[in-house]
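Enquirer: Data: upload_0.txt, compact mmCIF, C-alpha atoms.
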```txt
# COMPACT_ATOMS: atom_id res chain seq x y z
CA MET A 1 3.57 -0.31 4.65
CA TYR A 2 4.20 -3.82 3.49
CA GLU A 3 6.86 -5.08 5.85
CA GLN A 4 6.12 -8.52 7.20
CA ASN A 5 4.62 -8.31 10.66
CA GLY A 6 7.72 -8.67 12.76
CA VAL A 7 11.21 -7.32 12.40
CA SER A 8 12.72 -7.18 8.96
CA GLY A 9 16.05 -6.17 10.37
CA LEU A 10 19.45 -7.39 11.49
CA ASN A 11 19.37 -10.70 13.37
CA ALA A 12 15.62 -10.24 13.92
CA THR A 13 13.79 -12.88 15.94
CA LYS A 14 10.41 -11.33 16.81
CA GLN A 15 7.37 -13.37 15.89
CA HIS A 16 4.94 -12.36 13.17
CA PHE A 17 1.28 -11.51 13.48
CA LYS A 18 0.52 -13.89 10.65
CA ILE A 19 -3.18 -13.12 10.36
CA LEU A 20 -2.29 -9.46 9.76
CA ASP A 21 0.00 -10.69 6.98
CA GLY A 22 -2.97 -12.51 5.50
CA LEU A 23 -5.16 -9.41 5.71
CA ARG A 24 -2.52 -7.38 3.90
CA GLY A 25 -2.55 -9.82 1.00
CA LEU A 26 -6.34 -9.83 0.86
CA ALA A 27 -6.31 -6.03 0.70
CA ALA A 28 -3.69 -6.06 -2.07
CA VAL A 29 -5.80 -8.40 -4.20
CA ALA A 30 -8.81 -6.14 -3.62
CA VAL A 31 -6.77 -3.17 -4.87
CA VAL A 32 -5.86 -5.03 -8.07
CA ILE A 33 -9.49 -5.96 -8.73
CA PHE A 34 -10.54 -2.38 -8.02
CA HIS A 35 -8.02 -0.97 -10.50
CA PHE A 36 -9.40 -3.23 -13.20
CA MET A 37 -12.99 -2.44 -12.28
CA GLU A 38 -12.65 1.35 -12.17
CA ILE A 39 -11.68 1.20 -15.86
CA ALA A 40 -14.32 -1.38 -16.81
CA VAL A 41 -17.02 0.44 -14.80
CA PRO A 42 -16.01 4.11 -14.40
CA ASP A 43 -19.16 4.95 -12.44
CA TYR A 44 -18.19 3.99 -8.88
CA SER A 45 -21.83 3.73 -7.85
CA ASN A 46 -22.08 0.69 -10.16
CA ASN A 47 -18.73 -0.77 -9.10
CA PHE A 48 -19.11 -3.69 -6.68
CA ILE A 49 -15.68 -3.07 -5.10
CA ALA A 50 -15.56 0.71 -5.31
CA HIS A 51 -14.32 1.22 -1.75
CA ALA A 52 -11.18 -0.87 -2.20
CA TYR A 53 -9.18 2.37 -2.37
CA LEU A 54 -9.60 2.44 1.41
CA ALA A 55 -7.20 -0.51 1.48
CA VAL A 56 -4.42 2.11 1.36
CA ASP A 57 -5.65 3.55 4.66
CA PHE A 58 -5.64 0.03 6.09
CA PHE A 59 -2.06 -0.40 4.85
CA PHE A 60 -0.99 2.86 6.48
CA CYS A 61 -2.59 1.88 9.79
CA LEU A 62 -1.05 -1.59 9.68
CA SER A 63 2.31 0.00 8.87
CA GLY A 64 2.16 2.21 11.96
CA PHE A 65 1.40 -0.85 14.09
CA VAL A 66 4.19 -2.92 12.54
CA ILE A 67 6.82 -0.17 12.67
CA ALA A 68 6.10 0.55 16.33
CA TYR A 69 6.13 -3.18 17.12
CA ALA A 70 9.37 -3.74 15.26
CA TYR A 71 11.35 -0.64 16.15
CA ASP A 72 10.06 1.08 19.31
CA GLN A 73 12.52 -0.92 21.43
CA LYS A 74 15.11 -1.34 18.70
CA LEU A 75 15.66 1.90 16.84
CA LEU A 76 17.89 3.53 19.46
CA LYS A 77 20.09 0.42 19.47
CA ILE A 78 20.64 0.24 15.73
CA GLY A 79 20.55 3.98 15.05
CA VAL A 80 18.48 6.10 12.68
CA ALA A 81 20.86 5.54 9.75
CA ASN A 82 20.51 1.76 9.96
CA PHE A 83 16.75 2.09 10.36
CA PHE A 84 16.58 3.97 7.06
CA LYS A 85 18.88 1.45 5.40
CA LEU A 86 16.63 -1.39 6.54
CA ARG A 87 13.53 0.37 5.29
CA LEU A 88 15.16 1.08 1.93
CA ILE A 89 16.23 -2.55 1.61
CA ARG A 90 12.71 -3.71 2.41
CA LEU A 91 10.81 -1.28 0.21
CA HIS A 92 12.93 0.26 -2.50
CA PRO A 93 13.92 -2.68 -4.73
CA LEU A 94 10.28 -3.07 -5.74
CA VAL A 95 9.94 0.68 -6.27
CA ILE A 96 12.69 0.43 -8.89
CA ILE A 97 11.36 -2.86 -10.29
CA GLY A 98 7.93 -1.25 -10.67
CA ALA A 99 9.46 1.72 -12.50
CA VAL A 100 11.31 -0.60 -14.90
CA ILE A 101 8.16 -2.59 -15.63
CA GLY A 102 6.27 0.69 -15.95
CA ILE A 103 8.48 2.24 -18.60
CA ILE A 104 8.61 -1.01 -20.59
CA ALA A 105 4.81 -1.29 -20.51
CA PHE A 106 4.43 2.39 -21.45
CA ILE A 107 6.72 2.16 -24.48
CA PHE A 108 5.56 -1.26 -25.72
CA ASP A 109 1.84 -0.89 -24.97
CA PRO A 110 0.29 -2.73 -27.98
CA PHE A 111 -2.89 -0.64 -27.85
CA SER A 112 -1.50 2.89 -27.46
CA ASP A 113 1.28 5.14 -28.75
CA LEU A 114 0.85 7.70 -25.96
CA TYR A 115 4.51 7.37 -25.00
CA GLN A 116 5.48 9.10 -28.26
CA HIS A 117 3.95 12.32 -26.95
CA TYR A 118 6.26 12.12 -23.95
CA SER A 119 9.46 10.91 -25.59
CA GLY A 120 11.28 13.92 -24.20
CA ASN A 121 10.05 13.15 -20.68
CA LEU A 122 10.72 9.42 -20.51
CA VAL A 123 14.09 9.63 -18.76
CA THR A 124 12.76 12.14 -16.24
CA MET A 125 9.63 10.04 -15.69
CA PHE A 126 11.75 6.97 -15.02
CA LEU A 127 14.23 8.67 -12.70
CA THR A 128 11.55 10.45 -10.68
CA SER A 129 9.68 7.17 -10.35
CA CYS A 130 12.82 5.40 -9.10
CA LEU A 131 13.62 8.23 -6.69
CA MET A 132 9.97 8.79 -5.71
CA ILE A 133 9.93 12.44 -6.72
CA PRO A 134 6.36 13.42 -7.69
CA TYR A 135 6.14 14.24 -11.41
CA PRO A 136 2.51 14.60 -12.57
CA VAL A 137 2.98 15.14 -16.28
CA VAL A 138 0.40 13.02 -18.17
CA PRO A 139 -3.05 14.70 -18.21
CA GLU A 140 -4.44 11.97 -20.48
CA ARG A 141 -4.12 9.65 -17.50
CA TYR A 142 -5.27 11.79 -14.63
CA PHE A 143 -2.01 13.53 -13.66
CA ASN A 144 -0.73 10.67 -11.50
CA LEU A 145 2.20 11.67 -9.32
CA PHE A 146 4.07 8.67 -10.73
CA HIS A 147 2.64 7.81 -14.11
CA LEU A 148 4.84 4.80 -14.85
CA ASN A 149 3.71 3.08 -11.66
CA PRO A 150 0.92 5.03 -9.91
CA PRO A 151 0.87 3.02 -6.63
CA THR A 152 4.27 4.55 -5.85
CA TRP A 153 2.33 7.54 -4.45
CA SER A 154 1.52 5.61 -1.28
CA LEU A 155 5.18 4.60 -0.87
CA PHE A 156 6.07 8.28 -1.10
CA TRP A 157 3.90 8.93 1.96
CA GLU A 158 5.10 5.73 3.63
CA TYR A 159 8.66 7.03 3.43
CA ALA A 160 7.55 10.40 4.81
CA ALA A 161 5.85 8.62 7.73
CA ASN A 162 8.97 6.54 8.40
CA ILE A 163 11.14 9.67 8.49
CA CYS A 164 8.71 11.32 10.89
CA TYR A 165 8.71 8.20 13.07
CA ALA A 166 12.50 8.00 13.28
CA PHE A 167 13.02 11.64 14.19
CA ILE A 168 9.86 12.52 16.11
CA LEU A 169 7.28 9.83 16.82
CA ILE A 170 9.75 7.42 18.43
CA ARG A 171 10.05 9.97 21.27
CA VAL A 172 6.38 10.99 21.51
CA ARG A 173 4.52 9.86 24.61
CA ASN A 174 1.02 8.44 24.41
CA LYS A 175 -0.73 11.61 25.65
CA LEU A 176 0.72 13.71 22.83
CA LEU A 177 0.21 10.83 20.39
CA TRP A 178 -3.50 10.86 21.28
CA ILE A 179 -3.68 14.60 20.63
CA LEU A 180 -1.94 14.28 17.25
CA THR A 181 -4.19 11.38 16.27
CA VAL A 182 -7.37 13.28 17.17
CA ILE A 183 -6.19 16.30 15.16
CA ALA A 184 -5.42 14.02 12.20
CA GLY A 185 -8.87 12.44 12.56
CA VAL A 186 -10.53 15.85 12.34
CA ALA A 187 -8.42 16.57 9.24
CA LEU A 188 -9.60 13.27 7.77
CA PHE A 189 -13.23 14.34 8.10
CA TYR A 190 -12.29 17.67 6.54
CA GLU A 191 -10.67 15.91 3.56
CA ALA A 192 -13.66 13.60 3.09
CA HIS A 193 -16.08 16.54 3.02
CA ARG A 194 -13.80 18.71 0.88
CA SER A 195 -13.17 16.04 -1.74
CA GLY A 196 -16.38 14.03 -1.36
CA ASN A 197 -14.48 10.87 -0.35
CA LEU A 198 -11.08 9.59 0.80
CA SER A 199 -9.71 8.42 -2.54
CA GLY A 200 -7.17 11.23 -2.97
CA GLY A 201 -3.42 11.45 -2.63
CA TRP A 202 -2.32 9.88 -5.91
CA GLY A 203 -2.50 12.89 -8.28
CA GLY A 204 -1.11 16.34 -8.74
CA ASN A 205 -4.45 17.93 -7.91
CA ASN A 206 -5.20 15.86 -4.78
CA ILE A 207 -1.80 15.33 -3.17
CA LEU A 208 -2.95 16.89 0.12
CA GLY A 209 -5.29 13.96 0.57
CA GLY A 210 -2.33 11.58 0.79
CA PHE A 211 -0.74 13.59 3.59
CA ILE A 212 -3.97 13.62 5.59
CA ARG A 213 -4.66 9.92 5.03
CA VAL A 214 -1.22 8.74 6.10
CA SER A 215 -1.14 11.15 9.05
CA TYR A 216 -4.19 9.68 10.73
CA SER A 217 -3.77 6.00 9.89
CA PHE A 218 -0.05 5.74 10.64
CA LEU A 219 -0.54 7.48 13.99
CA ALA A 220 -3.53 5.27 14.80
CA GLY A 221 -1.49 2.14 14.05
CA ILE A 222 1.24 3.25 16.44
CA LEU A 223 -1.38 4.02 19.07
CA VAL A 224 -2.94 0.56 18.73
CA TYR A 225 0.44 -1.05 19.41
CA ARG A 226 1.57 1.23 22.22
CA SER A 227 -1.79 1.01 23.96
CA LYS A 228 -1.63 -2.79 23.71
CA TRP A 229 -5.04 -2.95 22.04
CA ILE A 230 -4.88 -6.60 21.06
CA ILE A 231 -8.27 -8.31 21.14
CA ASN A 232 -7.85 -12.00 21.87
CA SER A 233 -10.65 -14.06 20.36
CA LYS A 234 -11.46 -17.39 18.76
CA LEU A 235 -11.89 -15.78 15.36
CA ASN A 236 -9.64 -17.17 12.63
CA PHE A 237 -8.25 -15.69 9.39
CA PRO A 238 -11.33 -16.34 7.20
CA ALA A 239 -13.59 -14.61 9.74
CA VAL A 240 -11.38 -11.54 10.12
CA GLY A 241 -10.80 -11.52 6.36
CA ILE A 242 -14.54 -11.30 5.77
CA LEU A 243 -14.74 -8.37 8.20
CA LEU A 244 -12.09 -6.58 6.12
CA ALA A 245 -13.58 -7.50 2.74
CA VAL A 246 -16.96 -6.09 3.78
CA VAL A 247 -15.41 -2.60 3.76
CA PHE A 248 -14.39 -2.87 0.12
CA LEU A 249 -17.88 -4.01 -0.85
CA VAL A 250 -19.73 -1.14 0.86
CA PRO A 251 -21.86 0.55 -1.83
CA PHE A 252 -20.49 3.84 -3.14
CA ARG A 253 -22.94 6.62 -2.30
CA GLU A 254 -21.77 10.20 -2.84
CA HIS A 255 -23.98 11.68 -0.12
CA LEU A 256 -22.82 9.14 2.48
CA ASN A 257 -19.12 8.80 1.64
CA PRO A 258 -17.98 11.92 3.56
CA ILE A 259 -19.40 10.37 6.73
CA VAL A 260 -19.03 6.63 6.21
CA GLU A 261 -15.45 6.58 4.93
CA PRO A 262 -13.86 8.59 7.78
CA LEU A 263 -15.74 6.45 10.31
CA ILE A 264 -14.35 3.29 8.70
CA VAL A 265 -10.79 4.62 8.67
CA ILE A 266 -10.88 6.21 12.12
CA PHE A 267 -12.57 3.44 14.08
CA TYR A 268 -13.00 0.24 12.07
CA PHE A 269 -9.50 -0.26 10.68
CA PRO A 270 -7.71 0.15 14.04
CA PHE A 271 -10.29 -2.24 15.51
CA LEU A 272 -9.57 -4.78 12.74
CA ILE A 273 -5.84 -4.60 13.38
CA ALA A 274 -6.36 -5.11 17.10
CA LEU A 275 -8.71 -8.00 16.30
CA GLY A 276 -6.38 -9.54 13.73
CA ALA A 277 -3.40 -9.32 16.08
CA GLY A 278 -5.26 -11.41 18.65
CA ALA A 279 -7.15 -13.77 16.36
CA ARG A 280 -6.48 -17.49 16.34
CA LEU A 281 -4.14 -18.90 13.71
CA THR A 282 -4.96 -22.45 12.68
CA ALA A 283 -2.63 -24.90 10.98
CA SER A 284 -4.80 -24.90 7.87
CA THR A 285 -4.53 -21.12 7.40
CA THR A 286 -0.86 -20.64 8.27
CA ARG A 287 0.36 -21.25 4.72
CA VAL A 288 -2.36 -19.05 3.28
CA CYS A 289 -1.43 -16.18 5.59
CA ASN A 290 2.29 -16.62 4.90
CA PHE A 291 1.80 -16.58 1.13
CA SER A 292 -0.69 -13.74 1.31
CA GLY A 293 1.67 -11.58 3.35
CA GLU A 294 4.67 -12.35 1.15
CA ILE A 295 2.90 -11.63 -2.13
CA SER A 296 1.08 -8.46 -1.00
CA TYR A 297 3.80 -5.89 -1.57
CA PRO A 298 5.15 -7.34 -4.85
CA LEU A 299 1.59 -7.58 -6.20
CA TYR A 300 0.84 -4.00 -5.20
CA MET A 301 4.02 -2.67 -6.81
CA VAL A 302 4.06 -4.54 -10.13
CA HIS A 303 0.41 -4.72 -11.20
CA TYR A 304 -0.40 -1.21 -12.38
CA PRO A 305 1.68 -1.01 -15.59
CA PHE A 306 -0.54 -3.83 -16.86
CA ILE A 307 -3.62 -1.90 -15.75
CA TRP A 308 -2.48 0.89 -18.13
CA ILE A 309 -2.36 -1.66 -20.95
CA PHE A 310 -5.87 -2.80 -19.98
CA PHE A 311 -6.91 0.87 -20.02
CA SER A 312 -5.55 1.28 -23.57
CA TYR A 313 -7.29 -1.92 -24.67
CA VAL A 314 -10.65 -0.72 -23.31
CA GLU A 315 -10.21 2.71 -24.89
CA LYS A 316 -9.38 1.23 -28.29
CA TYR A 317 -11.86 -1.64 -28.56
CA LYS A 318 -14.61 -0.79 -26.04
CA PRO A 319 -15.34 -4.48 -25.38
CA ALA A 320 -18.54 -5.75 -23.79
CA MET A 321 -18.69 -6.33 -20.04
CA SER A 322 -18.89 -10.08 -20.57
CA GLU A 323 -15.51 -10.01 -22.31
CA LEU A 324 -14.04 -7.64 -19.70
CA THR A 325 -15.12 -9.96 -16.90
CA ILE A 326 -13.10 -12.81 -18.39
CA VAL A 327 -10.10 -10.54 -18.96
CA ILE A 328 -10.22 -9.26 -15.38
CA ILE A 329 -10.45 -12.72 -13.81
CA ILE A 330 -7.57 -14.05 -15.91
CA GLY A 331 -5.63 -10.81 -15.41
CA VAL A 332 -5.83 -10.99 -11.60
CA ILE A 333 -4.64 -14.60 -11.58
CA LEU A 334 -1.76 -13.87 -13.97
CA LEU A 335 -0.70 -10.80 -11.99
CA ILE A 336 -0.54 -12.80 -8.77
CA ALA A 337 1.62 -15.38 -10.56
CA PHE A 338 3.80 -12.65 -12.08
CA ALA A 339 4.22 -10.92 -8.71
CA TYR A 340 5.26 -14.26 -7.19
CA LEU A 341 7.94 -14.76 -9.85
CA VAL A 342 9.23 -11.22 -9.38
CA MET A 343 9.38 -11.80 -5.63
CA ILE A 344 11.19 -15.14 -5.86
CA PHE A 345 13.68 -14.35 -8.63
CA ILE A 346 14.34 -10.64 -8.17
CA ASP A 347 13.06 -9.00 -5.00
CA ILE A 348 14.09 -11.59 -2.39
CA PRO A 349 17.58 -12.23 -3.87
CA VAL A 350 18.25 -8.49 -4.10
CA ARG A 351 17.07 -7.84 -0.55
CA ASN A 352 19.03 -10.79 0.84
CA ARG A 353 22.15 -9.54 -0.89
CA LEU A 354 21.70 -6.02 0.46
CA LYS A 355 20.97 -7.27 3.98
CA GLY A 356 24.09 -9.43 3.83
CA LEU A 357 26.18 -6.41 2.91
CA LEU A 358 24.60 -4.41 5.73
CA ARG A 359 25.34 -7.11 8.29
CA LYS A 360 28.97 -7.16 7.22
CA SER A 361 29.31 -3.39 7.50
CA VAL A 362 27.42 -2.97 10.80
CA PRO A 363 28.41 -5.02 13.86
CA VAL A 364 25.27 -5.83 15.82
CA LYS A 365 25.25 -6.76 19.50
CA GLY A 366 22.49 -8.77 21.06
CA ASN A 367 19.02 -9.26 19.67
CA SER A 368 18.53 -6.18 17.51
```
Please lay out the structure from this file as structure tokens.
Expert:
Amino acid sequence: MYEQNGVSGLNATKQHFKILDGLRGLAAVAVVIFHFMEIAVPDYSNNFIAHAYLAVDFFFCLSGFVIAYAYDQKLLKIGVANFFKLRLIRLHPLVIIGAVIGIIAFIFDPFSDLYQHYSGNLVTMFLTSCLMIPYPVVPERYFNLFHLNPPTWSLFWEYAANICYAFILIRVRNKLLWILTVIAGVALFYEAHRSGNLSGGWGGNNILGGFIRVSYSFLAGILVYRSKWIINSKLNFPAVGILLAVVFLVPFREHLNPIVEPLIVIFYFPFLIALGAGARLTASTTRVCNFSGEISYPLYMVHYPFIWIFFSYVEKYKPAMSELTIVIIIGVILLIAFAYLVMIFIDIPVRNRLKGLLRKSVPVKGNS
């Protein structure tokens, strides 16, 4: 879901779609703001960024595009086993880092002693979070599949999509891919009408929503790449970024969500990826897009334990919105800085070490 747009593999030389990197980072920041806001303003109809949960569908679609771009011509050369190793190296260090931060934040939350009620479950909660085994055990906090670090739910489905790609989708021709995508699109409308929106997938009582969401968007991303739907234009990163941000700011209306949200996911997100892939990158936005793409996955995977602390703080003190606004602004800035430090001092060194070991153990011929 969060692999840089190119090949994160052995001796990789493919170029990046840097504007898509920038869009990923913009979406990740929107998710962080949304997670703060849904606690500060529980009524989504009064939440200015209530549709930021659709960023996950954008991530899934972008992931399908990137995986097909990176591995359609490469997977048979390196083998399925090495593909999985590369995906684990790219994604799993931050899964474990997020679980570690999650259990520390849970135990040492200064505003809550909830962990004491689950002292007998802490080891299991930590291990299942590290291994991405769903374990919805905390009803006080909405039965998240992975309580210590809730965003892990989308990585669970990302892994499932990667497995399906390696064993099935890599061999599927476009005609069948179209059929599967249309079926998944119908299922997406079904989920939106059944649940009232497309926010599900993260909890024990809405896990089916995650399967449906990843099924459509991942397939659509592959289809965009294989159909060569790249829209060349003079638009730059700020322009395409605004087109993405508009989605997150769409007002939340219960009677319209079952129609509007599937239309956004089915048509608008693939269009944005095709547009972003062909947009113009300027010298002034290159650094922004690079940083945005690099920070997106660390930010997504380390922010939520601190959201739980914010949740406990709001529950205990019930502060005024004016105070919450200041806390949220400072919190977003600090979380971006924290994610950057985690990336620089932990994630990148660990991944580089693991990739070095993989290169030594697997002789690679040519540009793979």
Enquirer: Could you check which of A:Phe60, A:Tyr313, A:Phe211, A:Tyr135 is closest to Ile39 (chain A), using all atoms listed in the file?
Expert: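 Closest candidate: A:Tyr313.
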Enquirer: So that I can check the surroundings of region 173-177 of chain A, please list as a ChimeraX atom specification every protein, DNA and RNA residue that reaches within 9 Å of it, counting all atoms listed in the file and ignoring chain neighbours fewer than 2 positions away.
Expert: /A:169-171,179-182,219-220,222-223,226-227
Enquirer: Could you jot down the CA of Ala28 (chain A) to CA of Met301 (chain A) separation for me, Å, one decimal place?
Expert: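 Taking CA of Ala28 (chain A) and CA of Met301 (chain A), their separation equals 9.7 Å.
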Enquirer: Do you have the CA of Ile307 (chain A)-CA of His35 (chain A) distance handy?
Expert: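 That distance, rounded to one decimal, is 6.9 Å.
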Enquirer: Ranking A:Ala40, A:Met125, A:Val250, A:Val350 by minimum distance to Glu315 (chain A) and counting all atoms listed in the file, which one comes first?
Expert: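 When distances to Glu315 (chain A) are compared using all atoms listed in the file, the smallest one comes from A:Ala40.
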Enquirer: Return the padded bounding box of region 122-140 of chain A as JSON: axis-aligned, built from all atoms listed in the file, 5 Å added on each side, with centre and edge lengths in Å to one decimal.
Expert:
```
{"center_x": 4.9, "center_y": 10.3, "center_z": -13.1, "size_x": 28.7, "size_y": 19.7, "size_z": 24.8}
```
Enquirer: So which residues touch Ile19 (chain A) within 10 Å, counting all atoms listed in the file, skipping near sequence neighbours fewer than 2 positions away, as a PyMOL selection string?
Expert: chain A and resi 5+16-17+21-25+236-238+240-241+273+275-282+285-286+288-290+292-293
Enquirer: Which distance in Å separates CA of Ala245 (chain A) and CA of Leu62 (chain A), to one decimal?
Expert: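 If I compute the distance from CA of Ala245 (chain A) to CA of Leu62 (chain A), I get 15.5 Å.
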Enquirer: All heavy atoms are what I want for region 119-128 of chain A; can you complete it accordingly and write them as a PDB file, keeping the file's coordinate frame?
Expert:
```pdb
ATOM      1  N   SER A 119       8.121  11.450 -25.344  1.00  0.00           N
ATOM      2  CA  SER A 119       9.460  10.910 -25.590  1.00  0.00           C
ATOM      3  C   SER A 119      10.544  11.747 -24.922  1.00  0.00           C
ATOM      4  O   SER A 119      11.569  11.228 -24.478  1.00  0.00           O
ATOM      5  CB  SER A 119       9.720  10.802 -27.092  1.00  0.00           C
ATOM      6  OG  SER A 119       9.567  12.075 -27.719  1.00  0.00           O
ATOM      7  N   GLY A 120      10.301  13.050 -24.837  1.00  0.00           N
ATOM      8  CA  GLY A 120      11.280  13.920 -24.200  1.00  0.00           C
ATOM      9  C   GLY A 120      11.242  13.878 -22.686  1.00  0.00           C
ATOM     10  O   GLY A 120      12.130  14.428 -22.016  1.00  0.00           O
ATOM     11  N   ASN A 121      10.207  13.225 -22.136  1.00  0.00           N
ATOM     12  CA  ASN A 121      10.050  13.150 -20.680  1.00  0.00           C
ATOM     13  C   ASN A 121      10.350  11.773 -20.112  1.00  0.00           C
ATOM     14  O   ASN A 121      10.320  11.592 -18.897  1.00  0.00           O
ATOM     15  CB  ASN A 121       8.609  13.522 -20.288  1.00  0.00           C
ATOM     16  CG  ASN A 121       8.213  14.910 -20.726  1.00  0.00           C
ATOM     17  OD1 ASN A 121       7.704  15.089 -21.828  1.00  0.00           O
ATOM     18  ND2 ASN A 121       8.443  15.906 -19.879  1.00  0.00           N
ATOM     19  N   LEU A 122      10.630  10.804 -20.983  1.00  0.00           N
ATOM     20  CA  LEU A 122      10.720   9.420 -20.510  1.00  0.00           C
ATOM     21  C   LEU A 122      11.815   9.221 -19.469  1.00  0.00           C
ATOM     22  O   LEU A 122      11.600   8.549 -18.454  1.00  0.00           O
ATOM     23  CB  LEU A 122      10.945   8.485 -21.700  1.00  0.00           C
ATOM     24  CG  LEU A 122       9.751   8.281 -22.630  1.00  0.00           C
ATOM     25  CD1 LEU A 122      10.130   7.382 -23.785  1.00  0.00           C
ATOM     26  CD2 LEU A 122       8.570   7.686 -21.860  1.00  0.00           C
ATOM     27  N   VAL A 123      12.987   9.802 -19.712  1.00  0.00           N
ATOM     28  CA  VAL A 123      14.090   9.630 -18.760  1.00  0.00           C
ATOM     29  C   VAL A 123      13.724  10.265 -17.418  1.00  0.00           C
ATOM     30  O   VAL A 123      13.930   9.668 -16.351  1.00  0.00           O
ATOM     31  CB  VAL A 123      15.393  10.255 -19.309  1.00  0.00           C
ATOM     32  CG1 VAL A 123      16.482  10.234 -18.231  1.00  0.00           C
ATOM     33  CG2 VAL A 123      15.865   9.488 -20.544  1.00  0.00           C
ATOM     34  N   THR A 124      13.156  11.463 -17.479  1.00  0.00           N
ATOM     35  CA  THR A 124      12.760  12.140 -16.240  1.00  0.00           C
ATOM     36  C   THR A 124      11.660  11.364 -15.528  1.00  0.00           C
ATOM     37  O   THR A 124      11.676  11.219 -14.290  1.00  0.00           O
ATOM     38  CB  THR A 124      12.267  13.568 -16.537  1.00  0.00           C
ATOM     39  OG1 THR A 124      13.280  14.267 -17.252  1.00  0.00           O
ATOM     40  CG2 THR A 124      11.951  14.313 -15.252  1.00  0.00           C
ATOM     41  N   MET A 125      10.694  10.842 -16.290  1.00  0.00           N
ATOM     42  CA  MET A 125       9.630  10.040 -15.690  1.00  0.00           C
ATOM     43  C   MET A 125      10.197   8.815 -14.983  1.00  0.00           C
ATOM     44  O   MET A 125       9.774   8.465 -13.870  1.00  0.00           O
ATOM     45  CB  MET A 125       8.628   9.612 -16.764  1.00  0.00           C
ATOM     46  CG  MET A 125       7.785  10.752 -17.315  1.00  0.00           C
ATOM     47  SD  MET A 125       6.803  10.270 -18.763  1.00  0.00           S
ATOM     48  CE  MET A 125       5.623   9.174 -18.027  1.00  0.00           C
ATOM     49  N   PHE A 126      11.168   8.181 -15.613  1.00  0.00           N
ATOM     50  CA  PHE A 126      11.750   6.970 -15.020  1.00  0.00           C
ATOM     51  C   PHE A 126      12.556   7.308 -13.770  1.00  0.00           C
ATOM     52  O   PHE A 126      12.409   6.646 -12.726  1.00  0.00           O
ATOM     53  CB  PHE A 126      12.646   6.280 -16.052  1.00  0.00           C
ATOM     54  CG  PHE A 126      13.338   5.055 -15.516  1.00  0.00           C
ATOM     55  CD1 PHE A 126      12.607   3.911 -15.233  1.00  0.00           C
ATOM     56  CD2 PHE A 126      14.705   5.052 -15.300  1.00  0.00           C
ATOM     57  CE1 PHE A 126      13.242   2.776 -14.731  1.00  0.00           C
ATOM     58  CE2 PHE A 126      15.340   3.928 -14.800  1.00  0.00           C
ATOM     59  CZ  PHE A 126      14.611   2.787 -14.517  1.00  0.00           C
ATOM     60  N   LEU A 127      13.396   8.321 -13.845  1.00  0.00           N
ATOM     61  CA  LEU A 127      14.230   8.670 -12.700  1.00  0.00           C
ATOM     62  C   LEU A 127      13.397   9.143 -11.515  1.00  0.00           C
ATOM     63  O   LEU A 127      13.672   8.775 -10.363  1.00  0.00           O
ATOM     64  CB  LEU A 127      15.242   9.753 -13.097  1.00  0.00           C
ATOM     65  CG  LEU A 127      16.340   9.318 -14.069  1.00  0.00           C
ATOM     66  CD1 LEU A 127      17.233  10.496 -14.440  1.00  0.00           C
ATOM     67  CD2 LEU A 127      17.173   8.183 -13.480  1.00  0.00           C
ATOM     68  N   THR A 128      12.388   9.974 -11.784  1.00  0.00           N
ATOM     69  CA  THR A 128      11.550  10.450 -10.680  1.00  0.00           C
ATOM     70  C   THR A 128      10.750   9.308 -10.065  1.00  0.00           C
ATOM     71  O   THR A 128      10.488   9.304  -8.852  1.00  0.00           O
ATOM     72  CB  THR A 128      10.597  11.563 -11.148  1.00  0.00           C
ATOM     73  OG1 THR A 128       9.855  11.107 -12.296  1.00  0.00           O
ATOM     74  CG2 THR A 128      11.366  12.822 -11.504  1.00  0.00           C
TER      75      THR A 128
END
```
